[in-house]
$ cat run_21.txt   # compact mmCIF, C-alpha atoms
# COMPACT_ATOMS: atom_id res chain seq x y z
CA MET V 1376 38.13 58.95 27.33
CA ALA V 1377 39.24 56.45 24.70
CA LEU V 1378 41.55 54.86 27.28
CA LEU V 1379 38.69 54.53 29.78
CA ILE V 1380 36.45 52.93 27.16
CA THR V 1381 39.22 50.55 26.12
CA THR V 1382 39.82 49.62 29.77
CA ALA V 1383 36.11 48.97 30.32
CA VAL V 1384 35.90 46.83 27.19
CA SER V 1385 39.02 44.90 28.20
CA ILE V 1386 37.63 44.17 31.67
CA SER V 1387 34.35 43.02 30.11
CA PHE V 1388 36.22 40.67 27.78
CA HIS V 1389 38.18 39.28 30.71
CA LEU V 1390 35.09 38.64 32.83
CA LEU V 1391 32.63 37.45 30.20
CA LEU V 1392 34.67 35.53 27.65
CA PRO V 1393 36.49 32.19 27.93
CA ALA V 1394 39.98 32.45 29.36
CA GLU V 1395 41.53 31.18 26.12
CA LEU V 1396 39.95 33.90 23.98
CA GLY V 1397 39.84 36.88 26.34
CA PRO V 1398 43.52 37.98 26.19
CA TYR V 1399 43.50 38.14 22.41
CA LEU V 1400 40.36 40.25 22.21
CA ILE V 1401 41.78 42.49 24.92
CA GLY V 1402 44.84 42.93 22.72
CA ALA V 1403 42.64 43.88 19.78
CA ALA V 1404 40.84 46.46 21.93
CA VAL V 1405 44.12 47.95 23.14
CA ALA V 1406 45.54 48.05 19.62
CA SER V 1407 42.43 49.94 18.46
CA CYS V 1408 42.57 52.52 21.25
CA GLY V 1409 44.10 55.13 18.96
CA TRP V 1410 41.27 54.89 16.46
CA GLY V 1411 38.72 55.28 19.22
CA LEU V 1412 40.50 58.45 20.30
CA TYR V 1413 40.41 59.74 16.73
CA LEU V 1414 36.66 59.16 16.44
CA LEU V 1415 36.05 60.95 19.74
CA MET V 1416 38.10 63.91 18.52
CA VAL V 1417 36.05 64.08 15.33
CA ARG V 1418 32.78 63.90 17.23
CA PHE V 1419 33.48 66.29 20.11
CA GLY V 1420 36.35 68.43 18.84
CA GLY V 1421 34.38 70.43 16.27
CA ILE V 1422 35.81 68.52 13.33
CA SER V 1423 32.48 66.92 12.44
CA GLY V 1424 30.83 70.33 12.04
CA HIS V 1425 33.57 71.44 9.68
CA GLN V 1426 33.22 68.23 7.69
CA THR V 1427 29.46 68.76 7.44
CA GLY V 1428 30.09 72.16 5.87
CA ILE V 1429 32.45 70.57 3.38
CA ALA V 1430 29.84 67.92 2.59
CA ALA V 1431 27.28 70.66 1.88
CA GLU V 1432 29.70 72.21 -0.60
CA GLU V 1433 29.97 68.82 -2.27
CA TRP V 1434 26.18 68.66 -2.54
CA THR V 1435 26.09 72.05 -4.24
CA ALA V 1436 28.92 71.03 -6.56
CA GLY V 1437 26.85 67.97 -7.47
CA GLU V 1438 23.90 70.19 -8.39
CA LEU V 1439 26.17 72.31 -10.58
CA ARG V 1440 27.51 69.23 -12.36
CA VAL V 1441 23.97 68.56 -13.54
CA LEU V 1442 23.95 72.08 -14.97
CA ARG V 1443 27.05 71.33 -17.04
CA TRP V 1444 25.68 67.97 -18.20
CA LYS V 1445 22.71 69.73 -19.75
CA ARG V 1446 25.12 71.37 -22.23
CA LEU V 1447 23.26 74.66 -22.30
CA GLY V 1448 26.33 76.87 -22.35
CA TRP V 1449 27.02 76.99 -18.61
CA LYS V 1450 30.48 76.78 -17.06
CA THR V 1451 31.06 76.04 -13.39
CA ALA V 1452 33.99 75.99 -10.99
CA ASN V 1453 34.46 75.26 -7.28
CA HIS V 1454 36.62 76.71 -4.51
CA ILE V 1455 37.83 79.88 -6.18
CA LEU V 1456 40.53 81.37 -3.97
CA LEU V 1457 40.62 85.13 -3.49
CA GLU V 1458 42.82 87.30 -1.31
CA ARG V 1459 42.06 86.30 2.30
CA SER V 1460 38.80 84.61 1.27
CA ASP V 1461 37.26 82.33 -1.30
CA VAL V 1462 34.09 81.74 -3.28
CA ASP V 1463 32.63 78.27 -2.89
CA HIS V 1464 31.27 77.99 -6.44
CA VAL V 1465 31.02 80.02 -9.63
CA ALA V 1466 28.44 79.57 -12.39
CA LEU V 1467 28.91 81.37 -15.70
CA GLY V 1468 26.33 81.10 -18.44
CA PRO V 1469 23.78 82.78 -20.68
CA GLY V 1470 21.82 83.90 -17.63
CA GLY V 1471 24.76 85.79 -16.13
CA PHE V 1472 27.68 85.36 -13.77
CA PHE V 1473 27.00 84.06 -10.25
CA ALA V 1474 29.18 83.81 -7.14
CA ILE V 1475 27.64 81.04 -5.05
CA GLU V 1476 28.15 80.44 -1.35
CA THR V 1477 27.03 77.22 0.35
CA LYS V 1478 25.78 77.30 3.92
CA TYR V 1479 24.68 74.47 6.17
CA ARG V 1480 22.81 75.06 9.42
CA SER V 1481 21.23 72.56 11.77
CA ASN V 1482 18.42 75.06 12.34
CA TRP V 1483 17.80 77.87 9.86
CA ARG V 1484 15.31 79.61 12.12
CA ASP V 1485 18.14 81.14 14.14
CA ALA V 1486 20.54 81.79 11.25
CA ASP V 1487 22.15 85.23 10.91
CA ILE V 1488 20.98 86.01 7.38
CA GLU V 1489 22.52 89.49 7.32
CA SER V 1490 26.06 88.28 7.97
CA ILE V 1491 25.65 85.46 5.45
CA ALA V 1492 24.41 87.93 2.84
CA ALA V 1493 27.30 90.30 3.59
CA GLN V 1494 29.81 87.49 3.05
CA ALA V 1495 28.15 86.53 -0.24
CA ARG V 1496 28.17 90.13 -1.50
CA HIS V 1497 31.82 90.49 -0.57
CA GLY V 1498 32.69 87.33 -2.51
CA ALA V 1499 30.81 88.55 -5.59
CA GLN V 1500 32.58 91.91 -5.48
CA ARG V 1501 36.00 90.31 -5.17
CA LEU V 1502 35.26 87.84 -7.95
CA ARG V 1503 34.18 90.44 -10.52
CA PRO V 1504 37.68 91.65 -11.57
CA ARG V 1505 38.69 88.06 -12.34
CA LEU V 1506 35.96 87.70 -14.95
CA GLY V 1507 36.60 90.86 -16.92
CA PRO V 1508 36.46 94.64 -16.46
CA LYS V 1509 32.75 94.88 -17.32
CA ALA V 1510 31.53 91.71 -15.63
CA VAL V 1511 28.44 91.87 -13.44
CA VAL V 1512 28.36 89.20 -10.74
CA ARG V 1513 25.29 88.28 -8.70
CA ALA V 1514 25.61 86.75 -5.25
CA VAL V 1515 23.73 83.53 -4.46
CA VAL V 1516 23.57 81.59 -1.19
CA VAL V 1517 22.58 77.93 -1.36
CA ILE V 1518 21.24 76.66 1.95
CA TRP V 1519 21.15 73.10 3.28
CA GLY V 1520 20.02 71.63 6.56
CA GLN V 1521 17.01 71.36 8.81
CA GLY V 1522 14.42 74.04 8.14
CA ALA V 1523 16.01 75.16 4.87
CA ARG V 1524 12.83 74.59 2.86
CA GLU V 1525 10.70 76.42 5.42
CA ARG V 1526 13.17 79.31 5.48
CA CYS V 1527 13.33 79.53 1.70
CA PRO V 1528 10.40 77.79 -0.04
CA GLN V 1529 11.53 79.26 -3.36
CA PRO V 1530 14.48 81.36 -4.54
CA SER V 1531 14.15 84.87 -3.17
CA GLU V 1532 16.34 87.95 -2.92
CA GLU V 1533 17.29 89.41 0.45
CA ALA V 1534 19.77 92.25 0.90
CA ASP V 1535 20.84 92.04 -2.78
CA VAL V 1536 21.58 88.31 -2.41
CA VAL V 1537 19.54 85.43 -3.81
CA PHE V 1538 18.83 82.67 -1.28
CA CYS V 1539 17.68 79.25 -2.44
CA CYS V 1540 17.61 75.63 -1.30
CA GLY V 1541 20.10 73.28 -2.90
CA PRO V 1542 17.66 71.45 -5.21
CA ASP V 1543 16.35 74.82 -6.49
CA LEU V 1544 19.73 76.12 -7.64
CA VAL V 1545 19.82 74.69 -11.17
CA PRO V 1546 16.18 75.56 -11.99
CA PHE V 1547 16.83 79.10 -10.76
CA LEU V 1548 19.90 79.52 -12.98
CA LEU V 1549 18.18 78.05 -16.03
CA ASP V 1550 15.21 80.35 -15.49
CA GLN V 1551 17.35 83.47 -15.98
CA SER V 1552 16.95 85.48 -19.17
CA THR V 1553 19.82 85.35 -21.65
CA VAL V 1554 22.10 88.33 -21.07
CA ILE V 1555 25.56 86.96 -21.93
CA ASP V 1556 26.73 85.64 -25.30
CA PRO V 1557 28.70 82.35 -25.48
CA GLU V 1558 31.98 84.09 -26.39
CA ALA V 1559 31.82 86.27 -23.28
CA VAL V 1560 31.06 83.23 -21.12
CA GLN V 1561 34.04 81.33 -22.51
CA SER V 1562 36.34 84.33 -22.14
CA ALA V 1563 35.35 84.89 -18.51
CA TYR V 1564 35.68 81.19 -17.75
CA GLN V 1565 39.17 81.06 -19.25
CA GLN V 1566 40.28 84.07 -17.20
CA LEU V 1567 38.89 82.42 -14.09
CA LEU V 1568 40.70 79.15 -14.81
CA ASP V 1569 44.02 80.87 -15.45
CA ASN V 1570 43.79 82.78 -12.19
CA SER V 1571 42.64 79.72 -10.23
CA ARG V 1572 45.51 77.58 -11.46
CA ARG V 1573 48.03 80.13 -10.25
CA ARG V 1574 46.27 80.58 -6.91
CA ASP V 1575 45.70 76.85 -6.29
CA ILE V 1576 49.37 76.03 -6.83
CA ALA V 1577 50.35 78.68 -4.30
CA GLU V 1578 47.68 77.55 -1.82
CA LEU V 1579 48.65 73.89 -1.99
CA ALA V 1580 52.30 74.79 -1.46
CA GLU V 1581 51.44 76.91 1.59
CA ASP V 1582 48.53 75.08 3.24
CA GLY V 1583 48.64 71.53 1.89
CA PRO V 1584 45.72 69.58 0.37
CA PHE V 1585 42.15 70.79 0.78
CA ALA V 1586 39.98 69.37 3.56
CA ARG V 1587 38.14 66.19 2.65
CA PRO V 1588 34.34 65.88 2.57
CA ALA V 1589 32.55 64.23 5.49
CA ILE V 1590 31.65 61.14 3.47
CA TYR V 1591 35.32 60.24 3.37
CA GLY V 1592 35.31 60.13 7.16
CA VAL V 1593 32.60 57.46 7.00
CA VAL V 1594 34.57 55.51 4.39
CA ASP V 1595 37.76 55.83 6.45
CA THR V 1596 36.01 54.60 9.59
CA ALA V 1597 34.52 51.61 7.76
CA ALA V 1598 37.91 50.77 6.26
CA VAL V 1599 39.58 50.94 9.67
CA ALA V 1600 36.91 48.75 11.28
CA LEU V 1601 37.28 46.19 8.50
CA ALA V 1602 41.06 46.29 8.86
CA VAL V 1603 40.90 45.68 12.62
CA MET V 1604 38.48 42.76 12.29
CA CYS V 1605 40.33 41.07 9.44
CA THR V 1606 43.74 41.57 11.03
CA THR V 1607 42.56 40.24 14.37
CA SER V 1608 41.12 37.12 12.75
CA ALA V 1609 44.15 36.51 10.53
CA THR V 1610 46.66 37.05 13.31
CA LEU V 1611 44.93 34.88 15.90
CA ALA V 1612 43.88 32.06 13.54
CA PRO V 1613 47.20 30.16 13.76
CA VAL V 1614 47.72 30.78 17.49
CA SER V 1615 47.10 27.14 18.43
CA LEU V 1616 49.39 25.66 15.78
CA GLN V 1617 52.61 24.16 17.07
CA PRO V 1618 54.80 25.71 18.23
CA ALA V 1619 51.90 27.46 19.94
CA GLY V 1620 51.86 31.23 19.59
CA TRP V 1621 54.89 31.59 17.36
CA TRP V 1622 52.95 31.37 14.10
CA SER V 1623 50.78 34.29 15.22
CA VAL V 1624 53.89 36.27 16.13
CA ALA V 1625 55.36 35.54 12.70
CA ALA V 1626 52.11 36.50 10.95
CA ALA V 1627 51.94 39.75 12.90
CA THR V 1628 55.56 40.59 12.09
CA VAL V 1629 55.16 39.94 8.37
CA THR V 1630 51.85 41.82 8.19
CA THR V 1631 53.25 44.85 10.01
CA SER V 1632 56.33 44.97 7.79
CA ILE V 1633 54.39 44.65 4.54
CA CYS V 1634 51.81 47.29 5.51
CA ALA V 1635 54.49 49.72 6.67
CA ALA V 1636 56.31 49.33 3.35
CA LEU V 1637 53.15 49.66 1.24
CA ARG V 1638 51.98 52.73 3.14
CA GLN V 1639 55.06 54.64 1.97
CA ARG V 1640 54.08 54.02 -1.65
CA VAL V 1641 50.34 54.79 -1.48
CA ALA V 1642 48.89 58.29 -1.87
CA ASN V 1643 45.19 57.55 -1.27
CA LEU V 1644 44.34 58.56 2.31
CA THR V 1645 41.70 55.88 2.85
CA VAL V 1646 44.13 53.15 1.79
CA ARG V 1647 46.81 54.67 4.01
CA TYR V 1648 44.43 54.63 6.99
CA PHE V 1649 43.54 51.01 6.21
CA LEU V 1650 47.19 49.96 6.06
CA LEU V 1651 47.98 51.87 9.25
CA ALA V 1652 45.11 50.17 11.07
CA VAL V 1653 46.27 46.75 9.87
CA ALA V 1654 49.87 47.45 10.87
CA THR V 1655 49.07 48.81 14.34
CA THR V 1656 46.55 46.07 15.10
CA ALA V 1657 48.93 43.34 13.94
CA ALA V 1658 51.81 44.86 15.89
CA GLY V 1659 49.75 45.17 19.07
CA LEU V 1660 48.45 41.63 18.86
CA GLY V 1661 51.90 40.33 17.98
CA VAL V 1662 53.41 41.90 21.09
CA ILE V 1663 50.67 40.50 23.32
CA VAL V 1664 50.89 36.99 21.84
CA LEU V 1665 54.69 37.08 22.10
CA ALA V 1666 54.50 38.09 25.75
CA ALA V 1667 51.96 35.37 26.49
CA THR V 1668 54.03 32.75 24.65
CA LEU V 1669 57.22 33.65 26.50
CA PHE V 1670 55.38 33.68 29.80
CA ASN V 1671 54.02 30.18 29.17
CA ALA V 1672 57.43 28.94 28.08
CA LEU V 1673 59.09 30.23 31.24
CA ASN V 1674 56.47 28.68 33.47
$ encode --input "run_21.txt" --output "structure tokens"
Amino acid sequence: MALLITTAVSISFHLLLPAELGPYLIGAAVASCGWGLYLLMVRFGGISGHQTGIAAEEWTAGELRVLRWKRLGWKTANHILLERSDVDHVALGPGGFFAIETKYRSNWRDADIESIAAQARHGAQRLRPRLGPKAVVRAVVVIWGQGARERCPQPSEEADVVFCCGPDLVPFLLDQSTVIDPEAVQSAYQQLLDNSRRRDIAELAEDGPFARPAIYGVVDTAAVALAVMCTTSATLAPVSLQPAGWWSVAAATVTTSICAALRQRVANLTVRYFLLAVATTAAGLGVIVLAATLFNALN
């Protein structure tokens, strides 16, 4: 699909643009074919749905950060790994201990509430031993998406699980009566942290880094688009300088080499994507300009 789109764009450039400019823009389109394929995979390969779920977890984590900022004795944690499962969020405070699951649905009218509640109860049961032998953990499901407010206008309990919309989570927790003293909260939180550190080290070693939120996909795409545009302009700017074409080839070669070297030293994924886009675009344009220059020289 990406190849077909690139071919169509290239033909359009060839037919509609001046002969002097068309080949270079065609080269830019060809060099960007891989990124078009990546975007299509994200959109139609199910990746975008997974990223949306991760984004919803980030929204809930943001709500819980507000709870900590209020300095009312609450402790929170995210992505608590259990055996063969995990709990999205944990809130520990004067109002009790809560295992919180985040769910996003495009339409909550057709959601399977029973299975969601069963998953939340299971997470709460598995979390309890990690907070202390006498800990009581309540299950909460935070819902996001279209129809969430209609489905749950206010926090309510269904099948021993509390369901609430994202913005209602913190008010619900703060509205709970005080049942836990600060020492017990701190003790449970410390036990949770100790266990999570051990589990996270093992998980990272086995599975690699955690999936990134959807917003990073937007940032990555913007960075790649900027890289392609800037690289195309910078590489083609000196194309008419004498000796014609060779300055663009030199610029492309230097740019590709520098970006390839820098990419080995950078850990940030967005920066790595940016450098990769610059390197591949420069390399593609460099090859095309070199071929055109040699062709003109031989004829």
$ atom_distance --input "run_21.txt" --atom1 "atom CA of V:Ser1481" --atom2 "atom CA of V:Leu1457"
27.7 Å
$ atom_distance --input "run_21.txt" --atom1 "atom CA of V:Leu1644" --atom2 "atom CA of V:Ala1602"
14.3 Å
$ atom_distance --input "run_21.txt" --atom1 "atom CA of V:Ala1600" --atom2 "atom CA of V:Thr1631"
16.8 Å
$ closest_residue --input "run_21.txt" --among "V:Gln1494, V:Ser1623, V:Asn1482, V:Thr1435" --to "V:Val1465" --atoms "all atoms listed in the file"
V:Thr1435
$ closest_residue --input "run_21.txt" --among "V:Cys1540, V:Leu1549, V:Ala1559, V:Ala1658" --to "V:Arg1443" --atoms "only C-alpha atoms"
V:Leu1549
$ residues_around --input "run_21.txt" --residues "V:Gln1565" --least-positions-apart "3" --cutoff "12 Å" --atoms "all atoms listed in the file" --output "list in words"
Lys1450, Thr1451, Ala1452, Leu1467, Arg1505, Leu1506, Gly1507, Glu1558, Ala1559, Val1560, Gln1561, Ser1562, Leu1568, Asp1569, Asn1570, Ser1571 and Arg1572 of chain V
$ closest_residue --input "run_21.txt" --among "V:Phe1649, V:Trp1434, V:Trp1483, V:Phe1547" --to "V:Arg1526" --atoms "only C-alpha atoms"
V:Trp1483
$ residues_around --input "run_21.txt" --residues "V:Val1545" --least-positions-apart "4" --cutoff "7 Å" --atoms "all atoms listed in the file" --output "list in words"
Glu1438, Leu1439, Leu1442 and Leu1549 of chain V
$ axis_aligned_box --input "run_21.txt" --around "stretch 1540-1546 of chain V" --padding-each-side "4 Å" --output "JSON"
{"center_x": 18.1, "center_y": 73.8, "center_z": -6.6, "size_x": 11.9, "size_y": 12.7, "size_z": 18.7}
$ residues_around --input "run_21.txt" --residues "V:Pro1613" --least-positions-apart "5" --cutoff "9 Å" --atoms "all atoms listed in the file" --output "MDAnalysis selection string"
chainID V and resid 1619:1623 1626
$ closest_residue --input "run_21.txt" --among "V:Ala1431, V:Ala1492, V:Ala1598, V:Leu1502" --to "V:Asp1461" --atoms "only C-alpha atoms"
V:Leu1502
$ closest_residue --input "run_21.txt" --among "V:Thr1427, V:Thr1553, V:Thr1655, V:Thr1645" --to "V:Val1603" --atoms "all atoms listed in the file"
V:Thr1655
$ residues_around --input "run_21.txt" --residues "V:Thr1610" --least-positions-apart "4" --cutoff "8 Å" --atoms "all atoms listed in the file" --output "number ranges by chain"
V: 1606, 1614, 1623-1624, 1626-1627, 1657, 1660-1661
$ closest_residue --input "run_21.txt" --among "V:Gly1541, V:Gly1448, V:Gly1471, V:Pro1528" --to "V:Arg1513" --atoms "only C-alpha atoms"
V:Gly1471
